[in-house]
Structures are given as structure tokens and as C-alpha cells.
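One structure is given here, and the rest of the page talks about it.
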Amino acid sequence: MTRLVRIFVALSLSLFCFACSRPTESPPATSGAEQSAADSEAQPSAEPSPAAQPNAAPSETATQEPAPQAKPSGSAEASTSPAGKQPSLEVAPVARKTLEGKWILILTQNGTDFKAVLLDFVKKPGAADAAGGLEAKVLESTSVLPPVKLKLAELKDKSVHLSFSVADSDMDFRGALRDGTIWGNVLFSVGRCDPARLIPTGESSLKNEKPYEEAPGLSDLQEALRSKEVDAIRDFCRRYPDSPLVLQAYAQILALAKEKNFDVMQVEQIVGEYVTAAERWGPRLGQVSRLNAGIILATSLFDPDVAMRFLAEAEKQVDPSIRERMQASIEAAKTAARAQKGRLLLASPDKSKQAEGEAILRELRQKRPFDAAITYALAEYAERQGRKDEAIALYAELAVLPMAEQFLLRDWSVQGRQKELPSETLARLWKEKHGSTEGLQAYLDKVYKDRIYSFAEPASQTSTTANGHVVLCELFTGAQCPPCVAADIAVGGLEKTYPNTQLVVLRYHQHIPGPDPLANPDAEARFAYYNGRGTPMLVIDGTPLPGVGGFLPHVQEVYRRIRKPVETILAQPSERQPIRIAVKAVAEKGKLHVSVKVDSEQALGEAVRLRLVLAEDEVSFLAPNGVRFHEMIVRHMIGGADGVAPKNGQLAIDTTVDLAEMKQRLVDYLTNFERGRGFAFPARPLELRPLHVVAFVQDDVTRKVLQTAIAPVTGSIEYPEVKAKAKPTPKPARSERSPGAKPSESSSPTSGPVLAPVKPPEGKN
């Protein structure tokens with residue numbers, strides 16, 4: 001692999017959000033990419049991620065000039081300016097001296113300004129003037145956010161405090177009026193804090209407004225960052241004191257501290273400027289920037305002792321509520337700093353220090369089993385020490401676990417390092433030991449299975465729950481979806497923790513973000529039933545659970561997040577006898593005979609449906625996102641995705657499935673998909689055995705799953721040879737909402753409101 005290819009693969013990793021969605025012509029309403037705090041450890045890049053630095057803050061300048069009255073952003077002067085000139089920023093067209101009037105909330109992320117919400121600050125009923133009090137109303141929210149609700153508004157003198165509910169998250173704005181603009185910041189419930197501002201407007205609607213545009217000074221910042229010259233980046237900060245991008249500029253300078261050999265005094269100076277710049281957007285952002293500084297230093301491999309000191313000092317100075325929201329980021333940064341210390345000790349010629357470093361890394365590996373950098377450091381050390389078997393095992397993990405090598409490549413490209421890939425080292429060591437690479441693939445499969453669920457907690461000691469309920473987890477995922485990895489593996493861990501008399505997992509594959517040979521019409525119809533917008537999407541007993549996107553390093557966090565509601569459901573007492581579902585499935589002579597009967601002491605309403613799923617136990621298929629083995633893959637919904645309605649108050653089904661016809665439908669579906677897209681699947685995993693039948697009872701009004709049962713398909717599963725017939729495949733049924741309607745709030749797979757990607761190219765996002 002050439003160095004150019006390595007860098008391309010590594011950097012492309014950073015383009016993925018924590019959820020994938022179908023391409024659209026405008027920025028998506030939301031991206032599941034709300035990066036969890038653990039991402040600060042998983043993605044220690046030269047430009048720290050918003051999760052590693054939940055708040056990108058503007059910079060301090062030696063001279064802080066008042067915000068100029070200027071042209072709206074989008075004008076030529078808004079994005080570029082000649083060197084030495086004060087740039088024009090988007091502020092009030094006519095300076096407003098009071099809060100009364102209409103305002104547009106501008107959020108800035110990743111170099112892009114987003115017009116998010118149109119608000120009106122009006123006099124309270126009965127107030128003689130603005131001094132008598134103002135109240136806030138949301139007139140409109142744009143497509144860059146899920147549905148927005150205003151929960152609280154405090155408007156006093158020149159200060160503004162607004163609290164919003166955004167899908168399943170909160171967004172809190174605090175700011176103050178200065179020179180016609182309300183400068184402030186937004187804090188999300190996940191701990192991320194971004195610069196934000198309210199600009200005055202006379203418009204009553206944003207429908208004709210472009211919802212996003214380049215942030216002021218972006219092209220100048222990009223030019224300065226490309227130079228990697230600290231003076232050039234600081235010059236940008238001086239020329240653009242009120243641009244939110246100044247915060248990103250200072251973050252980049254701190255990320256370069258190691259490369260530029262900064263001493264402690266230089267770091268302290270930059271941190272001071274960074275904090276001062278952040279405080280222009282409010283004291284809260286100033287506090288957050290102190291924590292960010294330590295996080296950035298830790299994740300960019302600066303002196304670990306210095307990074308830890310900055311973190312410790314920042315923790316003491318920030319408000320406890322902010323520290324609590326950022327705790328996961330802080331802990332991940334501390335882990336990164338300790339890992340760097342361990343690596344430095346391993347490189348020492350002193351044997352005792354090497355032993356200390358190895359002990360540190362082994363301890364961290366117990367807590368963070370999927371941290372590629374830690375595993376690689378231990379693998380290298382084992383190889384240097386001549387412990388070949390141990391080195392082979394560790395390199396094998398890096399070679400086989402989903403996207404582990406890509407994470408290393410990205411880190412090495414940022415650090416300017418070029419090394420032999422773990423898979424290449426593994427092949428070399430395997431040949432040295434065995435004389436050839438024979439048996440290596442089987443060994444890799446074993447390592448994958450041994451390690452992929454190593455994080456899962458021991459299985460439950462009881463086979464059933466007190467309330468007799470079986471929880472159904474439905475995961476909508478994609479073979480080409482990198483941020484689906486965490487959810488895929490996490491629910492697999494839950495299957496190790498709970499027997500199928502307590503929890504059943506079903507996986508519905510989608511062609512998101514690209515073609516998936518495990519997708520099928522029934523899986524797509526089920527996705528539409530929940531108004532799915534992106535993958536991964538996890539639904540527990542009919543209720544979507546946000547925030548399950550992530551990469552392999554985030555598996556443990558996602559596992560804990562999913563387990564919490566599962567435990568709550570299983571522990572709920574029940575005053576009634578649970579619904580009982582009897583399932584029997586027998587295969588014989590190419591036919592599958594299925595009988596299901598539902599017994600319930602409570603009356604089942606007309607909206608209740610019985611649904612039957614035929615799922616393949618395990619599919620061996622190396623997906624583009626690195627997942628090798630896929631469990632409980634939905635292949636067919638017996639009786640259709642709409643389910644079976646009650647008849648005379650009873651729910652039951654006795655039917656026969658022709659296995660050859662079922663397989664033929666899957667073959668034809670994939671063939672028609674290929675021909676329609678001009679694409680050929682590199683593999684079509686259609687073994688379709690062994691199988692399980694999963695039956696569940698669901699209320700189609702509330703979407704609540706009332707009970708679930710599972711049974712293996714017994715007998716002999718046989719399929720004759722099938723060939724593509726190239727018949728047109730009907731599109732799956734869509735939900736009955738109107739074409740212009742937005743999906744329900746509960747359908748959002750996000751862990752928080754993250755805006756559209758940076759300045760999407762025309763026609764793409």
C-alpha cells in the first residue's frame with residue numbers, strides 16, 4: 001500500500017458521522033454523528049474532533065475590537081478579506097439596541113454557519129414597553145435541526161437565556177447583546193458547547209433562506225492551517241476576532257504543540273489566548289475551553305504530565321454542571337495521556353521503566369480493549385522482546401477487528417509516521433513461525449470471535465424475568481456503515497449477557513450508505529414502519545433509542561447505554577399474567593411449517609398485530625465496515641411486514657413457507673438492485689441456515705412491542721439451486737405520512753443535535 005493510499009484511507013475515516021443517511025440535495029436535518037465523549041480518545045487527530053473538544057471556541061486577540069457593522073454572511077467580504085484588513089462579519093444590518101424584534105439563531109460547526117431557528121422577542125401582554133418584559137416565541141426552525149421546542153426563555157436587559165428541546169436532546173443558549181448582535185454559545189445535553197449568535201432580521205420566515213453557508217473567514221483559516229505555521233494561524237485570529245472559527249484556530253495551535261516543540265510557557269500563553277477568545281462568546285464557553293485545552297494536549301500526544309496538569313487545573317475551575325456533562329471526554333483524555341506515558345516508558349532503555357510502561361498499558365487495555373493505539377504499542381513491545389506468540393495474537397486483533405487498522409493509519413498520517421501495517425507484520429511473523437500463511441485466515445476468524453464480545457458482562461443467572469416479558473431489540477444497520485459498528489457489536493454483547501428468554505435481537509440491513517447484500521424488501525419495509533432516517537437505528541420494544549452510533553472504541557459505551565433501558569423493562573413488575581406466544585417451526589422437504597398461537601388474559605385491541613420474522617442465525621461475510629460475522633439477520637417476514645391482524649379476538653397463524661421461493665425472491669431482489677444501480681455485489685451470502693423464527697405482538701398505534709418469542713427451525717433445511725430471473729421488484733411499502741412530513745422526533749437515531757457536514761459540495765452532503 002502506497003503512502004498516498006494509506007493517507008487517503010486514514011483521512012477518509014474522519015468524514016463519517018456517527019450515523020449514515022441516504023444522500024439528499026441539502027444538509028440532513030440531523031446527523032447521528034453527535035460524537036460521544038469517548039471519541040476524544042478514538043480520534044486524536046491534528047484537528048480535534050468536537051467530542052474531544054466539545055467546544056470549539058474563538059480566539060483571544062491582543063487587541064479586541066468591537067464587532068463591526070457589516071454585510072450579511074454570503075457576501076464576498078464575509079468569507080475572505082485581504083491580509084491586514086478587518087473582515088466583515090454577519091451582524092445586524094441596522095444596529096439594534098434592545099432585544100425586542102425578530103432574530104435568527106446561527107449555530108457554527110465545522111466551518112459552516114447554520115441558520116437554525118427564527119425567533120421573535122415581543123412584549124409580554126399588558127407590558128407598556130420592552131422594559132415591562134419580553135417573551136420569546138419560536139416562529140420557525142429550519143431543516144438543519146430536528147423539530148425544536150422552546151422550553152424556557154429569560155430575556156433581561158441585554159442578556160438572553162433560551163432552552164430548547166431538540167428531538168431527544170436539550171440545547172441551551174446563553175448570550176448578550178453587543179453591537180447589534182447577541183453573541184453567545186449553545187450547550188448540548190451531551191456536553192458539547194459551540195459558539196452561536198442571534199442576528200436581527202425583519203423576515204417572518206426562513207423558507208426562502210439558504211439554511212447554511214460558509215462561516216466568516218473560512219478560506220483564510222484553511223490557508224493558515226495548511227501552512228501549519230503558528231504565526232499564520234495566530235495572525236488569522238488577530239484579523240478575525242469575532243469569527244467563531246478563531247476557536248478552531250487556537251485548538252489547532254494546541255494540537256501542533258508537540259510537533260512545534262512548545263515549552264510549558266508557550267503552551268500556557270496559547271491556552272490563555274484561547275480562553276480569552278472563548279470568553280468573547282460568554283463565560284461558559286471560556287470555562288469549557290480550559291477543559292478543551294487539556295483534552296487537546298492529551299489526545300495530540302503532548303507531554304502527558306503537562307496535559308494531566310492542565311486537565312486537573314481546569315476541572316477545579318469549571319462549573320460542576322459543565323464538568324459533569326464533559327466527564328466522559330475528560331476521562332477519555334486522561335486515558336490518552338496515560339497511554340502516551342506508557343508508550344514513552346516502553347521506549348526507555350531502562351528495563352524497570354519499560355516494565356512500568358507495559359503495566360500501565362496492560363491496565364488500560366483491560367478497560368479499553370478496542371483501543372488500537374494501546375494494542376499496537378503492546379504488540380510492538382512483545383515483538384521487540386521476542387515474545388512472538390503474544391505479538392501474533394495482538395497484531396491479529398488489529399488486523400481483524402473492524403476498522404482498527406484504519407484508526408492507526410489515520411493517527412500515523414496525522415503524526416507523519418509511516419509503518420508496516422499490523423496485517424503485514426502479522427503475515428511476516430506467521431510465515432516465520434509456520435513457513436507459509438496457511439491457516440492464517442482461520443486463525444483470524446478465531447481471534448475475531450474470541451475478542452469481539454470480550455467486553456460483555458457475564459450471562460444472567462436466571463433464564464426468565466419476574467414479569468415474564470421478553471425484550472425485542474431491532475437494529476437497523478448497514479454493511480457499508482462505519483458508525484454502525486458500535487451498535488452491531490454492542491447488541492451482540494447483549495445477546496451474550498441475556499438468554500433469548502429475556503432478550504431477542506433482530507438485525508435489518510439497509511442500503512445505507514451504500515449497497516448491502518444482506519438487505520431485503522421486508523427489512524426496508526420495517527425501516528419505513530419506524531420512519532427510519534439513517535443507520536444505525538435501534539428500537540427497543542418499539543421505542544427508538546438515540547445515540548447508538550460509533551466505532552469499535554465506543555462499543556462499551558453503547559453497550560451500557562442500550563443495557564440500561566433493557567434492565568428497566570425486565571425489572572418492571574407486572575400485575576397481569578404476561579402474554580404467552582407458542583412458536584413451532586419445522587422444515588421438511590423444502591417447506592417450512594410454522595404455527596404460532598398467542599394467549600393473553602387481557603383483551604388485544606384491533607390495532608395489535610402478530611409479526612413473524614425468519615432470521616438467519618449467523619452470516620459469515622466480511623462487510624466493508626469490517627464486521628465479519630452477522631447474527632440474527634432478518635431474511636423474510638412470514639405473512640408480510642404488515643403482520644397478522646386479530647380474528648375474533650384471537651391472534652394465531654398456521655402457514656407454510658416454500659423455502660426455494662423465499663430464496664428465489666432474495667436472489668431476484670439483489671439482481672434487480674444490481675441492474676438498477678449498475679452495481680455488482682462482490683458477494684451474495686445466501687446460505688440461509690440455520691434459522692430461527694421470531695414472533696412478536698405489537699400495537700400499531702403506540703408501536704409498543706407487547707411480547708416476543710423465539711424458536712429454532714428444526715428438521716432439514718434444504719434449498720434447490722436458484723438462478724436470477726430478473727423480475728422487477730416492487731418497492732417496499734412506505735409509512736402513510738405525507739411526502740412533505742418530517743419523521744417523528746422519536747425516530748431520530750441521533751445522540752444529540754449535530755448539524756449538517758462542513759460546506760457540502762453542490763448537490764451533495
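Naming works like this for the C-alpha cells: A, B, ... for the chains as they're shown, residue 1 at the start of each chain, ligands 1 onward in shown order.
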Might you pull out every residue within 8 Å of A:Lys334, with only C-alpha atoms counted and same-chain residues fewer than 5 positions away left off, and present them as JSON, numbers by chain?
-> {"A": [295, 298, 308]}
Include N, CA, C and O atoms and write out the residues we just selected as a PDB file, in the first residue's frame.
ATOM      1  N   ILE A 295      -7.760  18.518  27.083  1.00  0.00           N
ATOM      2  CA  ILE A 295      -8.164  17.378  26.262  1.00  0.00           C
ATOM      3  C   ILE A 295      -7.356  17.326  24.971  1.00  0.00           C
ATOM      4  O   ILE A 295      -6.873  16.267  24.551  1.00  0.00           O
ATOM      5  N   ALA A 298      -3.776  16.259  25.609  1.00  0.00           N
ATOM      6  CA  ALA A 298      -3.694  14.824  25.910  1.00  0.00           C
ATOM      7  C   ALA A 298      -3.868  13.971  24.669  1.00  0.00           C
ATOM      8  O   ALA A 298      -3.138  12.997  24.462  1.00  0.00           O
ATOM      9  N   MET A 308      -1.967  16.347  31.817  1.00  0.00           N
ATOM     10  CA  MET A 308      -2.734  15.979  33.010  1.00  0.00           C
ATOM     11  C   MET A 308      -2.831  17.162  33.972  1.00  0.00           C
ATOM     12  O   MET A 308      -3.865  17.361  34.627  1.00  0.00           O
TER      13      MET A 308
END
Show which residues sit within 9 Å of A:Asp305, as a PDB file with N, CA, C and O atoms, in the first residue's frame. Count only C-alpha atoms, and ignore same-chain residues fewer than 2 positions away.
ATOM      1  N   PHE A 302       0.947  15.319  23.461  1.00  0.00           N
ATOM      2  CA  PHE A 302       1.886  16.233  24.109  1.00  0.00           C
ATOM      3  C   PHE A 302       2.372  15.586  25.398  1.00  0.00           C
ATOM      4  O   PHE A 302       1.904  14.515  25.788  1.00  0.00           O
ATOM      5  N   ASP A 303       3.333  16.213  26.056  1.00  0.00           N
ATOM      6  CA  ASP A 303       3.863  15.682  27.318  1.00  0.00           C
ATOM      7  C   ASP A 303       2.697  15.286  28.224  1.00  0.00           C
ATOM      8  O   ASP A 303       1.899  16.137  28.634  1.00  0.00           O
ATOM      9  N   ALA A 307      -0.144  17.684  30.163  1.00  0.00           N
ATOM     10  CA  ALA A 307      -1.549  17.597  29.779  1.00  0.00           C
ATOM     11  C   ALA A 307      -2.426  17.277  30.985  1.00  0.00           C
ATOM     12  O   ALA A 307      -3.499  17.873  31.172  1.00  0.00           O
ATOM     13  N   MET A 308      -1.967  16.347  31.817  1.00  0.00           N
ATOM     14  CA  MET A 308      -2.734  15.979  33.010  1.00  0.00           C
ATOM     15  C   MET A 308      -2.831  17.162  33.972  1.00  0.00           C
ATOM     16  O   MET A 308      -3.865  17.361  34.627  1.00  0.00           O
ATOM     17  N   ARG A 309      -1.787  17.959  34.071  1.00  0.00           N
ATOM     18  CA  ARG A 309      -1.819  19.120  34.959  1.00  0.00           C
ATOM     19  C   ARG A 309      -2.847  20.137  34.473  1.00  0.00           C
ATOM     20  O   ARG A 309      -3.627  20.670  35.266  1.00  0.00           O
ATOM     21  N   PHE A 310      -2.848  20.398  33.163  1.00  0.00           N
ATOM     22  CA  PHE A 310      -3.834  21.328  32.625  1.00  0.00           C
ATOM     23  C   PHE A 310      -5.257  20.825  32.854  1.00  0.00           C
ATOM     24  O   PHE A 310      -6.161  21.595  33.198  1.00  0.00           O
ATOM     25  N   ALA A 337      -3.649  10.346  27.830  1.00  0.00           N
ATOM     26  CA  ALA A 337      -2.398  10.831  28.433  1.00  0.00           C
ATOM     27  C   ALA A 337      -1.636   9.703  29.111  1.00  0.00           C
ATOM     28  O   ALA A 337      -0.406   9.598  28.988  1.00  0.00           O
ATOM     29  N   ARG A 338      -2.356   8.853  29.824  1.00  0.00           N
ATOM     30  CA  ARG A 338      -1.691   7.712  30.484  1.00  0.00           C
ATOM     31  C   ARG A 338      -1.121   6.741  29.455  1.00  0.00           C
ATOM     32  O   ARG A 338      -0.041   6.171  29.641  1.00  0.00           O
ATOM     33  N   LYS A 341       2.057   8.131  28.212  1.00  0.00           N
ATOM     34  CA  LYS A 341       3.112   7.935  29.217  1.00  0.00           C
ATOM     35  C   LYS A 341       3.622   6.499  29.159  1.00  0.00           C
ATOM     36  O   LYS A 341       4.832   6.248  29.238  1.00  0.00           O
TER      37      LYS A 341
END
Please, which residues in stretch 392-510 of chain A fall within 7 Å of stretch 701-722 of chain A when counting only C-alpha atoms, and what is the closest atom pair and distance in Å to one decimal for each, ordered by chain then residue number, as CSV?
residue,atom,partner,partner_atom,distance
A:His469,CA,A:Gln707,CA,6.2
A:Val470,CA,A:Thr708,CA,5.4
A:Val471,CA,A:Thr708,CA,6.7
A:Leu472,CA,A:Thr708,CA,6.4
Using N, CA and C atoms, can you write the selected residues to a file as a short mmCIF file (atom, residue, chain, number, x, y, z; two decimals), in the first residue's frame?
data_model
loop_
_atom_site.label_atom_id
_atom_site.label_comp_id
_atom_site.auth_asym_id
_atom_site.auth_seq_id
_atom_site.Cartn_x
_atom_site.Cartn_y
_atom_site.Cartn_z
N HIS A 469 -41.61 -11.00 30.65
CA HIS A 469 -41.52 -10.29 29.37
C HIS A 469 -40.19 -10.58 28.69
N VAL A 470 -40.23 -10.70 27.37
CA VAL A 470 -39.02 -10.86 26.55
C VAL A 470 -38.84 -9.57 25.75
N VAL A 471 -37.70 -8.94 25.90
CA VAL A 471 -37.42 -7.66 25.24
C VAL A 471 -37.00 -7.91 23.79
N LEU A 472 -37.52 -7.09 22.88
CA LEU A 472 -37.13 -7.18 21.48
C LEU A 472 -36.29 -5.96 21.11
#
Enter the distance from atom CA of A:Phe370 to atom CA of A:Val491, in Å, rounded to one decimal.
->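 Spanning atom CA of A:Phe370 to atom CA of A:Val491 is a straight-line distance of 16.1 Å.
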Residues of stretch 477-507 of chain A in alpha helix (DSSP H), written as an NGL selection string | :A and (485-497)
Quick one: write out the picked residues with N, CA, C and O atoms as a PDB file, in the first residue's frame?
ATOM      1  N   VAL A 485     -20.838   0.097  13.474  1.00  0.00           N
ATOM      2  CA  VAL A 485     -20.029  -0.952  14.108  1.00  0.00           C
ATOM      3  C   VAL A 485     -20.321  -1.048  15.595  1.00  0.00           C
ATOM      4  O   VAL A 485     -20.525  -2.140  16.138  1.00  0.00           O
ATOM      5  N   ALA A 486     -20.348   0.088  16.295  1.00  0.00           N
ATOM      6  CA  ALA A 486     -20.546   0.053  17.747  1.00  0.00           C
ATOM      7  C   ALA A 486     -21.878  -0.591  18.103  1.00  0.00           C
ATOM      8  O   ALA A 486     -21.958  -1.419  19.019  1.00  0.00           O
ATOM      9  N   ALA A 487     -22.937  -0.208  17.391  1.00  0.00           N
ATOM     10  CA  ALA A 487     -24.255  -0.772  17.686  1.00  0.00           C
ATOM     11  C   ALA A 487     -24.307  -2.259  17.352  1.00  0.00           C
ATOM     12  O   ALA A 487     -24.854  -3.057  18.114  1.00  0.00           O
ATOM     13  N   ASP A 488     -23.745  -2.639  16.198  1.00  0.00           N
ATOM     14  CA  ASP A 488     -23.723  -4.054  15.809  1.00  0.00           C
ATOM     15  C   ASP A 488     -23.072  -4.923  16.883  1.00  0.00           C
ATOM     16  O   ASP A 488     -23.600  -5.971  17.270  1.00  0.00           O
ATOM     17  N   ILE A 489     -21.905  -4.481  17.342  1.00  0.00           N
ATOM     18  CA  ILE A 489     -21.166  -5.279  18.313  1.00  0.00           C
ATOM     19  C   ILE A 489     -21.808  -5.185  19.688  1.00  0.00           C
ATOM     20  O   ILE A 489     -21.847  -6.174  20.437  1.00  0.00           O
ATOM     21  N   ALA A 490     -22.325  -4.012  20.041  1.00  0.00           N
ATOM     22  CA  ALA A 490     -22.930  -3.837  21.366  1.00  0.00           C
ATOM     23  C   ALA A 490     -24.144  -4.740  21.559  1.00  0.00           C
ATOM     24  O   ALA A 490     -24.293  -5.375  22.607  1.00  0.00           O
ATOM     25  N   VAL A 491     -25.030  -4.817  20.548  1.00  0.00           N
ATOM     26  CA  VAL A 491     -26.202  -5.684  20.705  1.00  0.00           C
ATOM     27  C   VAL A 491     -25.785  -7.153  20.706  1.00  0.00           C
ATOM     28  O   VAL A 491     -26.426  -7.991  21.346  1.00  0.00           O
ATOM     29  N   GLY A 492     -24.686  -7.469  20.007  1.00  0.00           N
ATOM     30  CA  GLY A 492     -24.148  -8.825  20.091  1.00  0.00           C
ATOM     31  C   GLY A 492     -23.682  -9.142  21.504  1.00  0.00           C
ATOM     32  O   GLY A 492     -23.842 -10.273  21.993  1.00  0.00           O
ATOM     33  N   GLY A 493     -23.094  -8.125  22.168  1.00  0.00           N
ATOM     34  CA  GLY A 493     -22.710  -8.307  23.563  1.00  0.00           C
ATOM     35  C   GLY A 493     -23.911  -8.544  24.451  1.00  0.00           C
ATOM     36  O   GLY A 493     -23.865  -9.363  25.386  1.00  0.00           O
ATOM     37  N   LEU A 494     -25.014  -7.863  24.175  1.00  0.00           N
ATOM     38  CA  LEU A 494     -26.229  -8.077  24.960  1.00  0.00           C
ATOM     39  C   LEU A 494     -26.745  -9.509  24.791  1.00  0.00           C
ATOM     40  O   LEU A 494     -27.275 -10.104  25.735  1.00  0.00           O
ATOM     41  N   GLU A 495     -26.589 -10.057  23.587  1.00  0.00           N
ATOM     42  CA  GLU A 495     -27.019 -11.441  23.368  1.00  0.00           C
ATOM     43  C   GLU A 495     -26.185 -12.422  24.187  1.00  0.00           C
ATOM     44  O   GLU A 495     -26.639 -13.526  24.487  1.00  0.00           O
ATOM     45  N   LYS A 496     -24.954 -12.026  24.524  1.00  0.00           N
ATOM     46  CA  LYS A 496     -24.118 -12.867  25.386  1.00  0.00           C
ATOM     47  C   LYS A 496     -24.525 -12.714  26.851  1.00  0.00           C
ATOM     48  O   LYS A 496     -24.341 -13.624  27.655  1.00  0.00           O
ATOM     49  N   THR A 497     -25.048 -11.534  27.191  1.00  0.00           N
ATOM     50  CA  THR A 497     -25.411 -11.253  28.584  1.00  0.00           C
ATOM     51  C   THR A 497     -26.773 -11.824  28.953  1.00  0.00           C
ATOM     52  O   THR A 497     -26.972 -12.298  30.074  1.00  0.00           O
TER      53      THR A 497
END
Can you list every residue in stretch 626-705 of chain A that DSSP puts in strand (DSSP E or B), as number ranges by chain?
-> A: 629-638, 644, 647, 650-658, 691-699, 705
Using only C-alpha atoms, which residues sit within 7 Å of stretch 637-652 of chain A once same-chain residues fewer than 5 positions away are excluded, as an MDAnalysis selection string?
-> chainID A and resid 522 525:526 596:598 604 606 608:614
Can those selected residues be exported to a file as a compact mmCIF listing (two decimals), in the first residue's frame so that it contains C-alpha atoms?
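Written file, part-v5.txt:
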# COMPACT_ATOMS: atom_id res chain seq x y z
CA ASP A 522 -39.08 -6.78 4.31
CA ALA A 525 -40.48 -2.03 4.94
CA ARG A 526 -39.75 -2.43 8.64
CA VAL A 596 -47.88 -19.57 16.25
CA LYS A 597 -50.56 -19.05 18.86
CA VAL A 598 -50.89 -16.08 21.21
CA LEU A 604 -55.98 -7.43 22.44
CA GLU A 606 -57.84 -4.17 16.84
CA VAL A 608 -52.48 -5.22 17.64
CA ARG A 609 -50.56 -7.28 15.10
CA LEU A 610 -48.65 -10.55 15.21
CA ARG A 611 -45.44 -10.39 13.21
CA LEU A 612 -43.21 -13.31 12.27
CA VAL A 613 -39.58 -12.96 11.28
CA LEU A 614 -37.36 -15.60 9.74
Could you work out how far atom CA of A:Glu474 lies from atom CA of A:Val558, giving the answer in Å with one decimal?
->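 So the two atoms, atom CA of A:Val558 and atom CA of A:Glu474, lie 14.8 Å apart.
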Who sits within 8 Å of A:Pro536, only C-alpha atoms, same chain under 4 positions skipped, as a ChimeraX atom specification | /A:19-20,475-478,481,483-484,487,548-549,749
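If only C-alpha atoms are the atoms counted, then among A:Leu545, A:Leu187, A:Leu394, A:Gln327 the closest residue to A:Ser423 is A:Leu394.
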